[in-house]
Structure formats: structure tokens, C-alpha cells
There are 2 protein chains.
Amino acid sequence: MNLYLEKIDKFITSFDYKTIEALNNISKTEVFKKNDFLLRQGQTCKKSYHIENGIARKFYISNGKEITTELFFANDIAFSLNSYAQQIPSIEFIQTLTDVTVKSTDYQAFNLLKKSNSIIAELDLMLTEYYAIWLEERLFQFHTMTATQRYEKLLTNDAHIIQNIPLTIIASYLGISLETLSRIRAKA
Amino acid sequence: MNLYLEKIDKFITSFDYKTIEALNNISKTEVFKKNDFLLRQGQTCKKSYHIENGIARKFYISNGKEITTELFFANDIAFSLNSYAQQIPSIEFIQTLTDVTVKSTDYQAFNLLKKSNSIIAELDLMLTEYYAIWLEERLFQFHTMTATQRYEKLLTNDAHIIQNIPLTIIASYLGISLETLSRIRAKA
DNA sequence: TTTATTATTTGACCTAAGTCAAATGTACTT
DNA sequence: AAGTACATTTGACTTAGGTCAAATAATAAA
């Protein structure tokens with residue numbers, strides 16, 4: 001696992017009872033069926049979804065083409081930062097790829113909790129930092145690696161991503177066409 | 001200006017005297033000459049640099065080639081998130097492109113201040129969110145726009161970037177070769 | 001003002017990846 | 001089991017942008 005994620009995990013593990021209670025109080029379990037939308041373009045993202053099991057993806061549509069920007073697995077937190085942080089309409093969709101169970105947390109309630117509990121505020125910062133670092137890494141990969149290298153990296157680092165997910169989605173996540181991905185796979 | 005930046009600016013403007021004092025106490029003015037390094041690869045980023053005037057850039061070297069990832073102007077905050085947040089050696093360099101004056105803030109001192117002052121903690125989160133949103137936007141542009149479109153967008157949105165900065169750096173910031181940028185400019 | 005040095009342009013050629021179209025595979029219905 | 005829908009592969013062709021090399025500008029330095 002990533003170093004910073006470990007740090008976050010340790011941090012969460014250290015939470016006192018009061019903090020855990022408070023978090024539970026503003027979260028609720030929700031169940032979605034395959035292909036359901038957690039968020040649609042134009043809606044404001046008012047919740048974050050902590051995935052308990054299943055897979056989801058975040059994508060937007062550009063020139064009629066879907067561009068997948070993130071994949072979510074168990075323990076990931078799915079939301080659209082741009083819409084969530086500013087509470088403005090989302091450009092992105094979030095959709096399940098399988099049946100999915102989440103713990104959803106309301107934006108308002110979470111923000112309120114942050115004010116009274118600095119541990120929660122710190123958690124929020126850590127998660128945001130982690131996401132930014134992840135984005136930097138993704139940009140880095142697009143600048144320095146070929147499509148084949150990016151695919152191979154995905155294979156070694158996130159083999160679970162390849163399972164169960166249609167190639168169309170993997171291709172758009174890698175920023176390449178479906179046909180190119182198919183050819184890359186044929187070679188290897 | 002960007003919507004979220006405005007929000008941050010308003011927030012800062014609303015700071016009480018105590019908070020401003022506290023921030024000033026842990027910041028100091030530093031002056032750099034053109035081409036000086038604020039941070040080198042391998043060093044741990046222990047300060048953030050609030051640019052007062054001048055221009056700097058952040059870049060890394062991949063395959064012997066410099067890739068510029070960010071440009072900093074007056075009022076921007078220059079640092080390497082990856083190194084700063086984790087306090088690990090930096091992959092990136094930060095270098096001035098002109099003579100530069102900054103207010104530098106120490107990582108440790110800032111972190112300490114955050115613990116005692118929740119306004120500062122909130123500011124930190126807002127800045128990090130803004131940076132992540134900016135990164136998302138940058139990824140979006142690489143996925144959906146051609147080199148020419150990215151250049152034109154830069155021209156209209158950040159005309160000041162074009163001034164004073166060598167084309168090599170603009171090209172690498174746009175993720176294209178120097179020659180391609182020259183040809184794009186020749187057309188327009 | 002001449003000489004270095006660095007920045008920019010232009011030309012010729014190459015390549016990774018995209019597009020369009022058709023073929024094959026796989027899974028899901030009824 | 002045959003039919004429909006969707007996923008993947010393969011082929012033929014195009015293209016944006018890269019690379020390498022040489023020619024001009026533009027700046028700085030002696």
C-alpha cells in the first residue's frame with residue numbers, strides 16, 4: 001500500500017471512542033445496484049461515499065466520449081472534489097460497476113463536525129493531500145510513460161482493477177482508445 | 001480570478017489580528033536571484049514560499065528532460081506538496097525565473113500553529129483543495145484538448161505567463177516539444 | 001561591434017496512438 | 001438452442017505531435 005495511505009490508516013486506527021461515535025452518527029449505510037449513479041453531472045455532490053464493497057467509477061463526458069478519471073474499491077472514498085468542496089454542480093458522474101455498499105457521509109454534517117473536532121479536520125486535510133498527491137502522480141505518468149507502460153504499471157500495481165472491469169473503462173482510465181488497449185494486451 | 005481562489009482570498013481578508021500576527025511570526029522575507037533554487041530534487045521541502053514578486057517554476061527531470069509542472073507568480077504559494085506533506089525527499093525542483101521575493105513559512109511552525117488555531121487549519125485545507133482542483137483541471141485539459149487549444153487557453157487565461165518566460169519552459173508546461181510550440185505560434 | 005551563447009524557427013522524416021469499419025467472441029434472454 | 005446485445009479483436013489508414021538537424025534571431029559579454 002502507499003506510504004501516505006498507511007499513515008492515514010494508522011491515524012484513523014488511533015481515533016478515540018468519541019470521534020468514532022461522532023463519525024458513525026453522521027454516516028449511514030446505503031446500497032446501490034450495478035450501474036446505479038451515486039452522482040450525476042449537474043447535481044451538487046452533497047455526500048462522500050466510503051465504499052464498503054463493490055466497485056464504482058468517476059467519469060465525465062467530453063465530445064460524447066466517457067473519460068474515466070478514477071476507480072473506487074473497498075475502503076476508497078468516492079466523491080467529486082470539485083463539486084463537493086465548492087458545493088457547485090458537478091461535471092462528473094459517479095456510477096457503480098457492480099452492486100455496491102457504502103457508508104455515506106453528509107457534507108454539511110461533516111463540516112459541522114470538523115469545527116468541533118480537530119481530529120476530523122485533520123483527517124479531512126490528510127485525505128485531500130493524499131488525493132492531490134495521487135493526481136500529481138497520475139499527471140506524472142501521462143507525461144513520462146507510454147500507453148503500454150501505463151498499462152503494465154496498472155497490471156502490477158492494481159491487478160484487481162483489471163478483474164471485473166470492461167476494457168472500455170480501463171482504456172479510458174488509461175487515457176487511450178479501446179482498440180489501442182486491445183493491441184497492447186495482444187502483444188504482452 | 002478563479003471562484004475558489006476568491007473564496008480563499010475573502011477568508012484570509014477576514015482573519016482576526018491574532019491570526020495575522022501568528023502567521024507573521026512564523027514567516028520571514030527571503031530574496032532570491034534569478035535561477036536560484038528554492039528546492040532541489042532530493043531535499044525535503046521544509047518551507048512554503050509565498051511569492052511577493054517575481055516568477056518561479058516547479059519541474060522535474062525525466063529522461064534527461066525538464067518537465068515544468070507549475071508556474072508561480074505574485075501571491076502564489078510555491079512548494080512541493082509530495083515532499084512537504086510527507087516530509088520526504090523531493091522529486092521536484094523549484095527554481096526562480098526572475099529575481100524573486102518571498103515570505104517563507106516553516107513546515108514545523110505552521111503545523112504547530114494549525115493545532116492551536118483552527119482558522120489556520122481551515123486555510124491549509126482550502127489551499128490543498130484548491131491545488132487538487134487545479135490538478136484535476138490540468139488533467140482534464142490534457143485529456144480533452146489539443147496542444148493548440150491548450151496554448152490558446154493559456155494565452156487567454158494567463159497572458160502574463162507568456163511574457164518573460166522562455167518558450168522551452170512554456171512548451172514543457174504545456175506538455176509539448178519546443179518545436180511544436182514554435183509551429184503553433186507560427187500558425188496563429 | 002564582434003564574438004559567444006542562448007532562444008526560436010523551419011525542414012524533413014518518424015512514430016505512437018487514434019479513427020473507422022468489419023469480424024469474432026461472450027453472455028444473457030426467452 | 002437460437003437470437004440479441006455487448007465486449008473484444010483485428011485490419012487498413014490517418015494524424016498529431018515527436019525527433020533530429022540545421023538555419024536564424026536575439027542577448028549578453030568581451
# chains A, B, ... in the order shown; residues from 1 in each chain; ligands from 1

call {"tool": "interface_residues", "arguments": {"of": "chain B", "to": "chain D", "cutoff": "8 Å", "atoms": "only C-alpha atoms (C1' of nucleotides)", "output": "PyMOL selection string"}}
result
chain B and resi 176-177+180

call {"tool": "interface_residues", "arguments": {"of": "chain C", "to": "chain A", "cutoff": "9 Å", "atoms": "only C-alpha atoms (C1' of nucleotides)", "output": "ChimeraX atom specification"}}
result
/C:16-18

call {"tool": "write_last_selection", "arguments": {"atoms": "C-alpha atoms (C1' of nucleotides)", "output": "PDB file, in the first residue's frame"}}
result
ATOM      1  C1'  DA C  16       2.567   6.246 -31.137  1.00  0.00           C
ATOM      2  C1'  DA C  17      -1.831   6.205 -30.928  1.00  0.00           C
ATOM      3  C1'  DG C  18      -6.438   7.478 -32.963  1.00  0.00           C
TER       4       DG C  18
END

call {"tool": "residues_around", "arguments": {"residues": "Lys46 in chain B", "least_positions_apart": "5", "cutoff": "9 Å", "atoms": "only C-alpha atoms (C1' of nucleotides)", "output": "ChimeraX atom specification"}}
result
/B:79,83-84,87,105-108

call {"tool": "residues_around", "arguments": {"residues": "range 22-38 of chain A", "least_positions_apart": "6", "cutoff": "6 Å", "atoms": "only C-alpha atoms (C1' of nucleotides)", "output": "short mmCIF file (atom, residue, chain, number, x, y, z; two decimals) with C-alpha atoms, in the first residue's frame"}}
result
data_model
loop_
_atom_site.label_atom_id
_atom_site.label_comp_id
_atom_site.auth_asym_id
_atom_site.auth_seq_id
_atom_site.Cartn_x
_atom_site.Cartn_y
_atom_site.Cartn_z
CA ILE A 94 -20.09 8.61 -10.24
CA GLN A 95 -21.51 5.24 -11.18
CA THR A 96 -21.27 1.75 -9.76
CA LEU A 97 -19.76 -1.05 -11.86
CA THR A 98 -21.05 -3.76 -9.54
CA ASP A 99 -23.50 -3.89 -6.68
CA VAL A 100 -22.06 -1.58 -4.07
CA THR A 101 -22.45 -0.94 -0.35
CA VAL A 102 -21.25 2.36 1.08
CA LYS A 103 -21.19 4.39 4.24
CA SER A 104 -22.31 7.80 3.07
CA THR A 105 -21.49 10.96 4.98
#

call {"tool": "closest_atom_pairs", "arguments": {"of": "chain B", "to": "chain A", "cutoff": "8 Å", "atoms": "only C-alpha atoms", "output": "tab-separated table"}}
result
residue	atom	partner	partner_atom	distance
B:Tyr4	CA	A:Gln86	CA	7.1
B:Ser62	CA	A:Thr144	CA	6.8
B:Leu81	CA	A:Ile133	CA	7.0
B:Asn82	CA	A:Ile133	CA	5.8
B:Ala85	CA	A:Glu129	CA	7.2
B:Gln86	CA	A:Tyr4	CA	7.1
B:Ser118	CA	A:Ser118	CA	7.6
B:Ala121	CA	A:Ala121	CA	7.7
B:Glu122	CA	A:Ala121	CA	7.9
B:Asp124	CA	A:Leu125	CA	7.7
B:Leu125	CA	A:Leu125	CA	5.3
B:Thr128	CA	A:Glu129	CA	6.4
B:Glu129	CA	A:Thr128	CA	6.4
B:Tyr131	CA	A:Ala132	CA	7.1
B:Ala132	CA	A:Ala132	CA	4.7
B:Ile133	CA	A:Asn82	CA	5.8
B:Leu135	CA	A:Leu135	CA	6.4
B:Glu136	CA	A:Leu135	CA	7.1
B:Leu139	CA	A:Leu139	CA	6.4
B:His143	CA	A:Gly175	CA	6.9
B:Thr144	CA	A:Ser62	CA	6.8
B:Gly175	CA	A:His143	CA	6.9

call {"tool": "select_by_dssp", "arguments": {"residues": "chain B", "states": "strand (DSSP E or B)", "output": "PyMOL selection string"}}
result
chain B and resi 27-32+37-39+44+47-53+56-62+65-72+77-78+89+93-96+100-106

call {"tool": "select_by_dssp", "arguments": {"residues": "chain B", "states": "alpha helix (DSSP H)", "output": "PDB file with C-alpha atoms, in the first residue's frame"}}
result
ATOM      1  CA  LEU B   3     -14.053  31.246  -7.928  1.00  0.00           C
ATOM      2  CA  TYR B   4     -12.434  29.174  -5.236  1.00  0.00           C
ATOM      3  CA  LEU B   5      -9.400  31.457  -5.081  1.00  0.00           C
ATOM      4  CA  GLU B   6     -11.752  34.347  -4.433  1.00  0.00           C
ATOM      5  CA  LYS B   7     -13.291  32.421  -1.578  1.00  0.00           C
ATOM      6  CA  ILE B   8      -9.845  31.812  -0.115  1.00  0.00           C
ATOM      7  CA  ASP B   9      -8.936  35.473  -0.521  1.00  0.00           C
ATOM      8  CA  LYS B  10     -12.091  36.559   1.254  1.00  0.00           C
ATOM      9  CA  PHE B  11     -11.351  34.097   4.003  1.00  0.00           C
ATOM     10  CA  ILE B  12      -7.859  35.470   4.501  1.00  0.00           C
ATOM     11  CA  THR B  13      -9.143  39.032   4.475  1.00  0.00           C
ATOM     12  CA  TYR B  17      -5.454  40.369  14.279  1.00  0.00           C
ATOM     13  CA  LYS B  18      -4.233  37.465  16.409  1.00  0.00           C
ATOM     14  CA  THR B  19      -4.173  35.097  13.464  1.00  0.00           C
ATOM     15  CA  ILE B  20      -2.360  37.548  11.217  1.00  0.00           C
ATOM     16  CA  GLU B  21       0.195  38.171  13.943  1.00  0.00           C
ATOM     17  CA  ALA B  22       0.723  34.459  14.463  1.00  0.00           C
ATOM     18  CA  LEU B  23       1.278  33.922  10.752  1.00  0.00           C
ATOM     19  CA  ASN B  24       3.716  36.811  10.546  1.00  0.00           C
ATOM     20  CA  ASN B  25       5.634  35.432  13.488  1.00  0.00           C
ATOM     21  CA  LEU B  81       3.234  19.003  -1.967  1.00  0.00           C
ATOM     22  CA  ASN B  82       4.515  15.480  -2.223  1.00  0.00           C
ATOM     23  CA  SER B  83       7.684  16.274  -0.295  1.00  0.00           C
ATOM     24  CA  TYR B  84       6.119  18.819   2.044  1.00  0.00           C
ATOM     25  CA  ALA B  85       3.118  16.815   3.212  1.00  0.00           C
ATOM     26  CA  GLN B  86       5.094  13.644   3.786  1.00  0.00           C
ATOM     27  CA  TYR B 107       6.607  23.490   7.907  1.00  0.00           C
ATOM     28  CA  GLN B 108       7.008  22.622  11.593  1.00  0.00           C
ATOM     29  CA  ALA B 109       5.995  26.040  12.837  1.00  0.00           C
ATOM     30  CA  PHE B 110       2.987  26.111  10.542  1.00  0.00           C
ATOM     31  CA  ASN B 111       1.875  22.687  11.704  1.00  0.00           C
ATOM     32  CA  LEU B 112       2.181  23.707  15.303  1.00  0.00           C
ATOM     33  CA  LEU B 113       0.171  26.823  14.634  1.00  0.00           C
ATOM     34  CA  LYS B 114      -2.564  24.781  12.989  1.00  0.00           C
ATOM     35  CA  LYS B 115      -3.054  22.828  16.189  1.00  0.00           C
ATOM     36  CA  SER B 116      -3.713  25.934  18.242  1.00  0.00           C
ATOM     37  CA  SER B 118      -8.359  26.228  13.688  1.00  0.00           C
ATOM     38  CA  ILE B 119      -8.591  29.117  11.234  1.00  0.00           C
ATOM     39  CA  ILE B 120      -5.099  28.295  10.042  1.00  0.00           C
ATOM     40  CA  ALA B 121      -6.021  24.625   9.786  1.00  0.00           C
ATOM     41  CA  GLU B 122      -9.006  25.587   7.697  1.00  0.00           C
ATOM     42  CA  LEU B 123      -6.851  27.743   5.451  1.00  0.00           C
ATOM     43  CA  ASP B 124      -4.488  24.838   4.905  1.00  0.00           C
ATOM     44  CA  LEU B 125      -7.361  22.615   3.828  1.00  0.00           C
ATOM     45  CA  MET B 126      -8.749  25.237   1.464  1.00  0.00           C
ATOM     46  CA  LEU B 127      -5.376  25.721  -0.188  1.00  0.00           C
ATOM     47  CA  THR B 128      -4.921  21.993  -0.586  1.00  0.00           C
ATOM     48  CA  GLU B 129      -8.404  21.592  -2.027  1.00  0.00           C
ATOM     49  CA  TYR B 130      -7.721  24.394  -4.438  1.00  0.00           C
ATOM     50  CA  TYR B 131      -4.498  22.762  -5.572  1.00  0.00           C
ATOM     51  CA  ALA B 132      -6.251  19.416  -6.086  1.00  0.00           C
ATOM     52  CA  ILE B 133      -8.992  21.089  -8.111  1.00  0.00           C
ATOM     53  CA  TRP B 134      -6.319  22.802 -10.170  1.00  0.00           C
ATOM     54  CA  LEU B 135      -4.641  19.455 -10.810  1.00  0.00           C
ATOM     55  CA  GLU B 136      -7.954  17.918 -11.870  1.00  0.00           C
ATOM     56  CA  GLU B 137      -8.454  20.777 -14.300  1.00  0.00           C
ATOM     57  CA  ARG B 138      -4.945  20.264 -15.687  1.00  0.00           C
ATOM     58  CA  LEU B 139      -5.566  16.546 -16.223  1.00  0.00           C
ATOM     59  CA  PHE B 140      -8.866  17.405 -17.845  1.00  0.00           C
ATOM     60  CA  GLN B 141      -7.117  19.709 -20.284  1.00  0.00           C
ATOM     61  CA  PHE B 142      -4.545  17.093 -21.234  1.00  0.00           C
ATOM     62  CA  HIS B 143      -7.306  14.601 -21.916  1.00  0.00           C
ATOM     63  CA  THR B 144      -9.655  16.778 -23.888  1.00  0.00           C
ATOM     64  CA  ALA B 147      -1.717  21.218 -27.972  1.00  0.00           C
ATOM     65  CA  THR B 148      -3.016  24.211 -29.914  1.00  0.00           C
ATOM     66  CA  GLN B 149      -6.114  24.511 -27.743  1.00  0.00           C
ATOM     67  CA  ARG B 150      -4.053  24.307 -24.567  1.00  0.00           C
ATOM     68  CA  TYR B 151      -1.743  27.023 -25.826  1.00  0.00           C
ATOM     69  CA  GLU B 152      -4.651  29.269 -26.774  1.00  0.00           C
ATOM     70  CA  LYS B 153      -6.265  28.719 -23.397  1.00  0.00           C
ATOM     71  CA  LEU B 154      -3.009  29.695 -21.736  1.00  0.00           C
ATOM     72  CA  LEU B 155      -2.856  32.801 -23.899  1.00  0.00           C
ATOM     73  CA  THR B 156      -6.328  33.964 -22.965  1.00  0.00           C
ATOM     74  CA  ASN B 157      -6.384  32.915 -19.303  1.00  0.00           C
ATOM     75  CA  ALA B 159      -1.365  36.020 -20.790  1.00  0.00           C
ATOM     76  CA  HIS B 160       1.137  37.069 -18.136  1.00  0.00           C
ATOM     77  CA  ILE B 161       2.611  33.576 -18.257  1.00  0.00           C
ATOM     78  CA  ILE B 162       3.699  34.081 -21.816  1.00  0.00           C
ATOM     79  CA  LEU B 167       9.386  29.032 -24.814  1.00  0.00           C
ATOM     80  CA  THR B 168      11.206  25.908 -23.676  1.00  0.00           C
ATOM     81  CA  ILE B 169       9.543  26.258 -20.311  1.00  0.00           C
ATOM     82  CA  ILE B 170       6.123  27.109 -21.687  1.00  0.00           C
ATOM     83  CA  ALA B 171       6.350  24.131 -24.022  1.00  0.00           C
ATOM     84  CA  SER B 172       7.182  21.728 -21.227  1.00  0.00           C
ATOM     85  CA  TYR B 173       4.422  23.237 -19.093  1.00  0.00           C
ATOM     86  CA  LEU B 174       2.017  22.546 -21.957  1.00  0.00           C
ATOM     87  CA  LEU B 178       9.641  23.242 -28.138  1.00  0.00           C
ATOM     88  CA  GLU B 179       9.374  22.789 -31.891  1.00  0.00           C
ATOM     89  CA  THR B 180       5.673  22.042 -31.775  1.00  0.00           C
ATOM     90  CA  LEU B 181       5.045  25.161 -29.707  1.00  0.00           C
ATOM     91  CA  SER B 182       7.007  27.234 -32.178  1.00  0.00           C
ATOM     92  CA  ARG B 183       4.862  25.879 -35.017  1.00  0.00           C
ATOM     93  CA  ILE B 184       1.647  26.556 -33.141  1.00  0.00           C
ATOM     94  CA  ARG B 185       2.748  30.147 -32.654  1.00  0.00           C
ATOM     95  CA  ALA B 186       3.716  30.485 -36.310  1.00  0.00           C
ATOM     96  CA  LYS B 187       0.195  29.498 -37.383  1.00  0.00           C
TER      97      LYS B 187
END

call {"tool": "atom_distance", "arguments": {"atom1": "CA of Cys45 in chain A", "atom2": "CA of Glu92 in chain A"}}
result
9.6 Å

call {"tool": "atom_distance", "arguments": {"atom1": "CA of Ile77 in chain B", "atom2": "CA of Arg57 in chain B"}}
result
11.0 Å

call {"tool": "atom_distance", "arguments": {"atom1": "CA of Tyr49 in chain B", "atom2": "CA of Asp76 in chain B"}}
result
8.2 Å

call {"tool": "decode", "arguments": {"residues": "chain C", "atoms": "C-alpha atoms (C1' of nucleotides)", "output": "mmCIF file, in the first residue's frame"}}
result
data_model
loop_
_atom_site.group_PDB
_atom_site.id
_atom_site.type_symbol
_atom_site.label_atom_id
_atom_site.label_comp_id
_atom_site.auth_asym_id
_atom_site.auth_seq_id
_atom_site.Cartn_x
_atom_site.Cartn_y
_atom_site.Cartn_z
ATOM 1 C "C1'" DT C 1 30.963 45.920 -32.720
ATOM 2 C "C1'" DT C 2 32.451 41.432 -32.870
ATOM 3 C "C1'" DT C 3 32.077 37.091 -30.667
ATOM 4 C "C1'" DA C 4 29.840 33.741 -27.852
ATOM 5 C "C1'" DT C 5 25.735 31.935 -26.023
ATOM 6 C "C1'" DT C 6 21.142 31.065 -25.836
ATOM 7 C "C1'" DA C 7 16.414 31.240 -27.865
ATOM 8 C "C1'" DT C 8 13.446 30.429 -31.723
ATOM 9 C "C1'" DT C 9 12.183 28.896 -36.203
ATOM 10 C "C1'" DT C 10 11.987 25.861 -40.113
ATOM 11 C "C1'" DG C 11 12.505 21.490 -42.702
ATOM 12 C "C1'" DA C 12 12.357 16.501 -43.420
ATOM 13 C "C1'" DC C 13 11.097 12.475 -41.549
ATOM 14 C "C1'" DC C 14 9.110 9.137 -37.984
ATOM 15 C "C1'" DT C 15 6.030 7.015 -34.699
ATOM 16 C "C1'" DA C 16 2.567 6.246 -31.137
ATOM 17 C "C1'" DA C 17 -1.831 6.205 -30.928
ATOM 18 C "C1'" DG C 18 -6.438 7.478 -32.963
ATOM 19 C "C1'" DT C 19 -10.322 6.520 -36.179
ATOM 20 C "C1'" DC C 20 -13.436 3.873 -38.860
ATOM 21 C "C1'" DA C 21 -15.132 -0.437 -40.160
ATOM 22 C "C1'" DA C 22 -15.663 -5.170 -40.004
ATOM 23 C "C1'" DA C 23 -15.075 -9.684 -37.738
ATOM 24 C "C1'" DT C 24 -15.217 -12.596 -33.897
ATOM 25 C "C1'" DG C 25 -16.311 -13.803 -29.001
ATOM 26 C "C1'" DT C 26 -19.035 -13.990 -24.936
ATOM 27 C "C1'" DA C 27 -23.017 -13.635 -22.094
ATOM 28 C "C1'" DC C 28 -27.795 -13.066 -21.393
ATOM 29 C "C1'" DT C 29 -32.549 -13.792 -22.895
ATOM 30 C "C1'" DT C 30 -36.763 -16.111 -23.977
#
